[in-house]
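For reference, query_19.cif is printed below; it contains mmCIF, C-alpha atoms.
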```cif
data_input
loop_
_atom_site.group_PDB
_atom_site.id
_atom_site.type_symbol
_atom_site.label_atom_id
_atom_site.label_comp_id
_atom_site.auth_asym_id
_atom_site.auth_seq_id
_atom_site.Cartn_x
_atom_site.Cartn_y
_atom_site.Cartn_z
ATOM 1 C CA MET A 4 134.388 96.951 94.677
ATOM 2 C CA SER A 5 133.012 94.201 96.905
ATOM 3 C CA GLU A 6 132.713 90.619 95.743
ATOM 4 C CA LEU A 7 128.910 90.686 95.892
ATOM 5 C CA SER A 8 128.770 93.936 93.931
ATOM 6 C CA GLN A 9 130.958 92.420 91.212
ATOM 7 C CA GLN A 10 128.731 89.339 91.031
ATOM 8 C CA ILE A 11 125.632 91.517 90.646
ATOM 9 C CA THR A 12 127.299 93.477 87.826
ATOM 10 C CA GLU A 13 128.342 90.277 86.027
ATOM 11 C CA ASP A 14 124.820 88.842 86.380
ATOM 12 C CA MET A 15 123.384 92.039 84.914
ATOM 13 C CA LYS A 16 125.664 91.723 81.885
ATOM 14 C CA ALA A 17 124.713 88.055 81.483
ATOM 15 C CA ALA A 18 121.006 88.922 81.662
ATOM 16 C CA MET A 19 121.541 91.557 78.937
ATOM 17 C CA ARG A 20 123.247 89.029 76.680
ATOM 18 C CA ALA A 21 120.528 86.437 77.343
ATOM 19 C CA LYS A 22 117.788 89.039 76.785
ATOM 20 C CA ASP A 23 116.230 87.986 80.115
ATOM 21 C CA SER A 24 114.198 91.132 80.766
ATOM 22 C CA LEU A 25 112.821 90.076 84.181
ATOM 23 C CA LYS A 26 116.266 89.313 85.603
ATOM 24 C CA LEU A 27 117.809 92.344 83.920
ATOM 25 C CA ASN A 28 115.203 94.731 85.325
ATOM 26 C CA THR A 29 115.411 93.166 88.791
ATOM 27 C CA VAL A 30 119.215 93.333 88.910
ATOM 28 C CA ARG A 31 119.242 96.910 87.553
ATOM 29 C CA MET A 32 116.797 97.943 90.266
ATOM 30 C CA LEU A 33 119.015 96.248 92.850
ATOM 31 C CA LYS A 34 122.140 98.052 91.587
ATOM 32 C CA SER A 35 120.238 101.338 91.756
ATOM 33 C CA SER A 36 119.137 100.662 95.347
ATOM 34 C CA ILE A 37 122.704 99.761 96.318
ATOM 35 C CA LYS A 38 124.040 102.948 94.714
ATOM 36 C CA ASN A 39 121.403 105.051 96.499
ATOM 37 C CA ALA A 40 122.319 103.455 99.839
ATOM 38 C CA ALA A 41 126.015 104.128 99.170
ATOM 39 C CA ILE A 42 125.294 107.775 98.362
ATOM 40 C CA GLU A 43 123.291 108.120 101.588
ATOM 41 C CA LYS A 44 126.177 106.562 103.497
ATOM 42 C CA GLY A 45 129.015 108.673 102.211
ATOM 43 C CA GLY A 46 128.436 110.616 99.042
ATOM 44 C CA ALA A 47 128.766 109.860 95.341
ATOM 45 C CA ASP A 48 132.053 107.963 95.593
ATOM 46 C CA ALA A 49 131.086 105.729 98.529
ATOM 47 C CA GLU A 50 130.784 101.973 98.207
ATOM 48 C CA LEU A 51 129.074 99.418 100.415
ATOM 49 C CA ASP A 52 130.634 96.232 101.756
ATOM 50 C CA ASP A 53 128.966 92.835 101.357
ATOM 51 C CA VAL A 54 127.108 93.028 104.688
ATOM 52 C CA GLU A 55 125.656 96.452 103.836
ATOM 53 C CA ILE A 56 124.672 95.190 100.365
ATOM 54 C CA SER A 57 122.912 92.224 102.012
ATOM 55 C CA VAL A 58 120.885 94.655 104.114
ATOM 56 C CA VAL A 59 119.798 96.500 100.940
ATOM 57 C CA ILE A 60 118.873 93.194 99.275
ATOM 58 C CA ARG A 61 116.791 92.165 102.311
ATOM 59 C CA LYS A 62 114.891 95.477 102.117
ATOM 60 C CA GLU A 63 114.164 94.866 98.443
ATOM 61 C CA VAL A 64 113.001 91.302 99.167
ATOM 62 C CA LYS A 65 110.735 92.644 101.927
ATOM 63 C CA LYS A 66 109.192 95.198 99.535
ATOM 64 C CA ARG A 67 108.447 92.439 97.053
ATOM 65 C CA GLN A 68 107.064 90.162 99.741
ATOM 66 C CA ASP A 69 104.663 92.922 100.822
ATOM 67 C CA SER A 70 103.634 93.528 97.198
ATOM 68 C CA PHE A 71 103.193 89.796 96.629
ATOM 69 C CA GLU A 72 100.816 89.560 99.605
ATOM 70 C CA ALA A 73 98.877 92.635 98.447
ATOM 71 C CA TYR A 74 98.476 91.205 94.933
ATOM 72 C CA GLU A 75 97.329 87.867 96.360
ATOM 73 C CA LYS A 76 94.634 89.629 98.426
ATOM 74 C CA ALA A 77 93.583 91.667 95.380
ATOM 75 C CA GLU A 78 93.383 88.454 93.319
ATOM 76 C CA ARG A 79 96.000 89.602 90.799
ATOM 77 C CA PRO A 80 97.927 86.352 90.232
ATOM 78 C CA GLU A 81 99.941 87.625 87.235
ATOM 79 C CA LEU A 82 101.407 90.483 89.301
ATOM 80 C CA ALA A 83 101.916 88.225 92.321
ATOM 81 C CA GLU A 84 103.903 85.768 90.176
ATOM 82 C CA LYS A 85 106.153 88.574 88.912
ATOM 83 C CA GLU A 86 106.921 89.650 92.489
ATOM 84 C CA LYS A 87 107.595 86.044 93.477
ATOM 85 C CA ALA A 88 110.002 85.633 90.535
ATOM 86 C CA GLU A 89 111.844 88.812 91.553
ATOM 87 C CA ILE A 90 112.142 87.525 95.146
ATOM 88 C CA GLU A 91 113.744 84.327 93.840
ATOM 89 C CA ILE A 92 116.238 86.344 91.759
ATOM 90 C CA LEU A 93 117.153 88.531 94.757
ATOM 91 C CA ASN A 94 117.478 85.590 97.177
ATOM 92 C CA VAL A 95 120.386 84.257 95.098
ATOM 93 C CA TYR A 96 122.525 87.163 96.382
ATOM 94 C CA LEU A 97 121.734 86.692 100.066
ATOM 95 C CA PRO A 98 124.037 84.678 102.334
ATOM 96 C CA LYS A 99 122.755 81.402 103.721
ATOM 97 C CA PRO A 100 120.289 82.328 106.483
ATOM 98 C CA LEU A 101 120.997 81.398 110.083
ATOM 99 C CA SER A 102 119.133 78.455 111.601
ATOM 100 C CA GLU A 103 116.781 78.933 114.555
ATOM 101 C CA GLU A 104 119.373 77.312 116.841
ATOM 102 C CA GLU A 105 122.091 79.729 115.678
ATOM 103 C CA ILE A 106 119.781 82.721 116.164
ATOM 104 C CA SER A 107 118.777 81.478 119.621
ATOM 105 C CA LYS A 108 122.432 81.077 120.641
ATOM 106 C CA ILE A 109 123.320 84.596 119.413
ATOM 107 C CA VAL A 110 120.300 86.070 121.256
ATOM 108 C CA ASP A 111 121.229 84.239 124.488
ATOM 109 C CA GLU A 112 124.828 85.520 124.282
ATOM 110 C CA ALA A 113 123.684 89.094 123.613
ATOM 111 C CA ILE A 114 121.213 89.022 126.523
ATOM 112 C CA ALA A 115 123.933 87.726 128.857
ATOM 113 C CA GLU A 116 126.436 90.343 127.637
ATOM 114 C CA VAL A 117 123.993 93.232 128.068
ATOM 115 C CA GLY A 118 122.584 91.798 131.299
ATOM 116 C CA ALA A 119 119.051 92.310 130.017
ATOM 117 C CA THR A 120 116.192 91.126 132.196
ATOM 118 C CA SER A 121 113.174 92.834 130.640
ATOM 119 C CA ARG A 122 111.940 94.231 127.352
ATOM 120 C CA LYS A 123 113.222 97.659 128.405
ATOM 121 C CA GLU A 124 116.703 96.557 127.333
ATOM 122 C CA MET A 125 115.486 95.112 124.034
ATOM 123 C CA GLY A 126 117.072 97.913 121.992
ATOM 124 C CA GLN A 127 120.541 97.191 123.363
ATOM 125 C CA VAL A 128 120.116 93.457 122.757
ATOM 126 C CA MET A 129 118.799 94.008 119.208
ATOM 127 C CA LYS A 130 121.794 96.197 118.364
ATOM 128 C CA LEU A 131 124.230 93.477 119.410
ATOM 129 C CA VAL A 132 122.232 90.703 117.738
ATOM 130 C CA GLY A 133 122.015 92.701 114.507
ATOM 131 C CA GLU A 134 125.791 93.194 114.440
ATOM 132 C CA ARG A 135 126.488 89.526 115.118
ATOM 133 C CA THR A 136 124.105 88.115 112.535
ATOM 134 C CA GLY A 137 125.702 90.186 109.778
ATOM 135 C CA GLY A 138 122.608 90.385 107.590
ATOM 136 C CA ARG A 139 121.963 86.638 107.681
ATOM 137 C CA ALA A 140 118.557 86.998 109.357
ATOM 138 C CA ASP A 141 115.782 89.531 108.930
ATOM 139 C CA GLY A 142 114.884 92.008 111.634
ATOM 140 C CA LYS A 143 111.418 90.591 112.267
ATOM 141 C CA THR A 144 112.798 87.126 113.023
ATOM 142 C CA LEU A 145 115.456 88.560 115.332
ATOM 143 C CA SER A 146 112.945 90.781 117.107
ATOM 144 C CA GLN A 147 110.608 87.858 117.734
ATOM 145 C CA ALA A 148 113.479 85.743 119.088
ATOM 146 C CA VAL A 149 114.595 88.513 121.462
ATOM 147 C CA MET A 150 111.041 89.200 122.665
ATOM 148 C CA ALA A 151 110.470 85.491 123.366
ATOM 149 C CA LYS A 152 113.584 85.398 125.566
ATOM 150 C CA LEU A 153 112.857 88.669 127.395
ATOM 151 C CA SER A 154 109.202 88.104 128.241
#
```

Would you mind writing the file's structure down as structure tokens?
Amino acid sequence: MSELSQQITEDMKAAMRAKDSLKLNTVRMLKSSIKNAAIEKGGADAELDDVEISVVIRKEVKKRQDSFEAYEKAERPELAEKEKAEIEILNVYLPKPLSEEEISKIVDEAIAEVGATSRKEMGQVMKLVGERTGGRADGKTLSQAVMAKLS
């Protein structure tokens, strides 16, 4: 079992003991999403490593961010606050994000390695950049950085 997976399990137990229903429900949902991703990857006995778990967490944060924005537009502040609280709980499990300078350096190296000169090669560059960032930056940020360099 990965270190991050163990931490999530321990936090779930602590939330149960503390009767913190918001954290408990959020962490349970996260464990379920991780288990589903592991099953998709390799069957019922498969487990994810920390990088793969980070990818699942980012997807869950993105879902909540989208919901938060929708609730804000619909003027439902109580639901928006719940989504925001869940985002804060999930962000605890994510590794420290890369700075813009670090992302820029990784993008420059990937472009040089691939020999990309136009947006046609963006897919190859994104694949390399995604591997090198190891889940420490979201796809939208990486995509924007690559597009800015290849325009």

**OP:** Let me know the residues the PyMOL selection byres ((chain A and resi 142) around 10) catches in the file above, as a list in words.
**Re:** Val58, Arg61, Met129, Val132, Gly133, Gly138, Arg139, Ala140, Asp141, Lys143, Thr144, Leu145, Ser146, Gln147 and Ala148 of chain A

Original post:
Hey, which of A:Asn39, A:Gln127, A:Gln10, A:Thr29 ends up closest to Leu93 of chain A? Count all atoms listed in the file.
Top reply: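 Of all the options, A:Thr29 lies closest to Leu93 of chain A.
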
Original post:
Can you tell me how far atom CA of Ile90 of chain A sits from atom CA of Lys65 of chain A, in Å to one decimal?
Top reply: 8.6 Å

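Between atom CA of Asn94 of chain A and atom CA of Gln9 of chain A the interatomic distance comes to 16.2 Å.
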
Original post:
Excluding same-chain residues fewer than 3 positions from Ala119 of chain A, what lies within 12 Å of it counting all atoms listed in the file, as a list of chain:residue names?
Top reply: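 So, after excluding close chain neighbours, the residues are A:Val110, A:Asp111, A:Glu112, A:Ala113, A:Ile114, A:Ala115, A:Glu116, A:Arg122, A:Lys123, A:Glu124, A:Met125, A:Gly126, A:Gln127, A:Val128, A:Met129, A:Leu131, A:Val149, A:Met150, A:Lys152, A:Leu153, A:Ser154.
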
Atoms to include: C-alpha atoms. Write the selected residues as a tab-separated table (two decimals), in the frame of the given file.
```tsv
chain	number	residue	atom	x	y	z
A	110	VAL	CA	120.30	86.07	121.26
A	111	ASP	CA	121.23	84.24	124.49
A	112	GLU	CA	124.83	85.52	124.28
A	113	ALA	CA	123.68	89.09	123.61
A	114	ILE	CA	121.21	89.02	126.52
A	115	ALA	CA	123.93	87.73	128.86
A	116	GLU	CA	126.44	90.34	127.64
A	122	ARG	CA	111.94	94.23	127.35
A	123	LYS	CA	113.22	97.66	128.40
A	124	GLU	CA	116.70	96.56	127.33
A	125	MET	CA	115.49	95.11	124.03
A	126	GLY	CA	117.07	97.91	121.99
A	127	GLN	CA	120.54	97.19	123.36
A	128	VAL	CA	120.12	93.46	122.76
A	129	MET	CA	118.80	94.01	119.21
A	131	LEU	CA	124.23	93.48	119.41
A	149	VAL	CA	114.60	88.51	121.46
A	150	MET	CA	111.04	89.20	122.66
A	152	LYS	CA	113.58	85.40	125.57
A	153	LEU	CA	112.86	88.67	127.40
A	154	SER	CA	109.20	88.10	128.24
```

Original post:
Nearest to Glu13 of chain A: which of A:Arg135, A:Arg31, A:Asp53, A:Glu63 is it, counting all atoms listed in the file?
Top reply: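 Counting all atoms listed in the file, the residue closest to Glu13 of chain A is A:Arg31.
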
**OP:** Work out how far apart atom CA of Ile92 of chain A and atom CA of Leu25 of chain A are and give it in Å to one decimal.
**Re:**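 About the pair atom CA of Ile92 of chain A and atom CA of Leu25 of chain A: they are 9.1 Å apart.
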
Subject >> Top pick for closest residue to Ser107 of chain A, considering A:Val64, A:Lys130, A:Thr136, A:Arg79 and counting all atoms listed in the file >> reply: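 For Ser107 of chain A, the nearest of the given residues is A:Thr136.
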
Subject >> Nearest to Ile60 of chain A by atom-to-atom distance, counting only C-alpha atoms, from A:Lys34, A:Lys85, A:Lys22, A:Lys16 >> reply: A:Lys34

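Considering only C-alpha atoms, the residue among A:Ala77, A:Ala21, A:Met32, A:Ile37 positioned nearest to Val54 of chain A is A:Ile37.
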
**OP:** List the neighbours of Glu6 of chain A out to 12 Å using only C-alpha atoms; skip same-chain residues closer than 6 positions along the sequence, and give me the result as JSON, numbers by chain.
**Re:** {"A": [12, 13, 50, 51, 52, 53, 54, 56, 57, 96]}

Original post:
Quick one: of A:Val95, A:Met19, A:Ile42, A:Gln68, who's nearest to Ala83 of chain A, counting all atoms listed in the file?
Top reply: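 Ranked by minimum distance to Ala83 of chain A, first place goes to A:Gln68.
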
Show me the residues around (103.6, 92.1, 94.2) - criterion: an atom at most 10 Å away, only C-alpha atoms counted - as an mmCIF file with C-alpha atoms, in the frame of the given file.
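Dumped to result-v6.cif:
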```cif
data_model
loop_
_atom_site.group_PDB
_atom_site.id
_atom_site.type_symbol
_atom_site.label_atom_id
_atom_site.label_comp_id
_atom_site.auth_asym_id
_atom_site.auth_seq_id
_atom_site.Cartn_x
_atom_site.Cartn_y
_atom_site.Cartn_z
ATOM 1 C CA LYS A 66 109.192 95.198 99.535
ATOM 2 C CA ARG A 67 108.447 92.439 97.053
ATOM 3 C CA GLN A 68 107.064 90.162 99.741
ATOM 4 C CA ASP A 69 104.663 92.922 100.822
ATOM 5 C CA SER A 70 103.634 93.528 97.198
ATOM 6 C CA PHE A 71 103.193 89.796 96.629
ATOM 7 C CA GLU A 72 100.816 89.560 99.605
ATOM 8 C CA ALA A 73 98.877 92.635 98.447
ATOM 9 C CA TYR A 74 98.476 91.205 94.933
ATOM 10 C CA GLU A 75 97.329 87.867 96.360
ATOM 11 C CA ARG A 79 96.000 89.602 90.799
ATOM 12 C CA PRO A 80 97.927 86.352 90.232
ATOM 13 C CA GLU A 81 99.941 87.625 87.235
ATOM 14 C CA LEU A 82 101.407 90.483 89.301
ATOM 15 C CA ALA A 83 101.916 88.225 92.321
ATOM 16 C CA GLU A 84 103.903 85.768 90.176
ATOM 17 C CA LYS A 85 106.153 88.574 88.912
ATOM 18 C CA GLU A 86 106.921 89.650 92.489
ATOM 19 C CA LYS A 87 107.595 86.044 93.477
ATOM 20 C CA ALA A 88 110.002 85.633 90.535
ATOM 21 C CA GLU A 89 111.844 88.812 91.553
ATOM 22 C CA ILE A 90 112.142 87.525 95.146
#
```
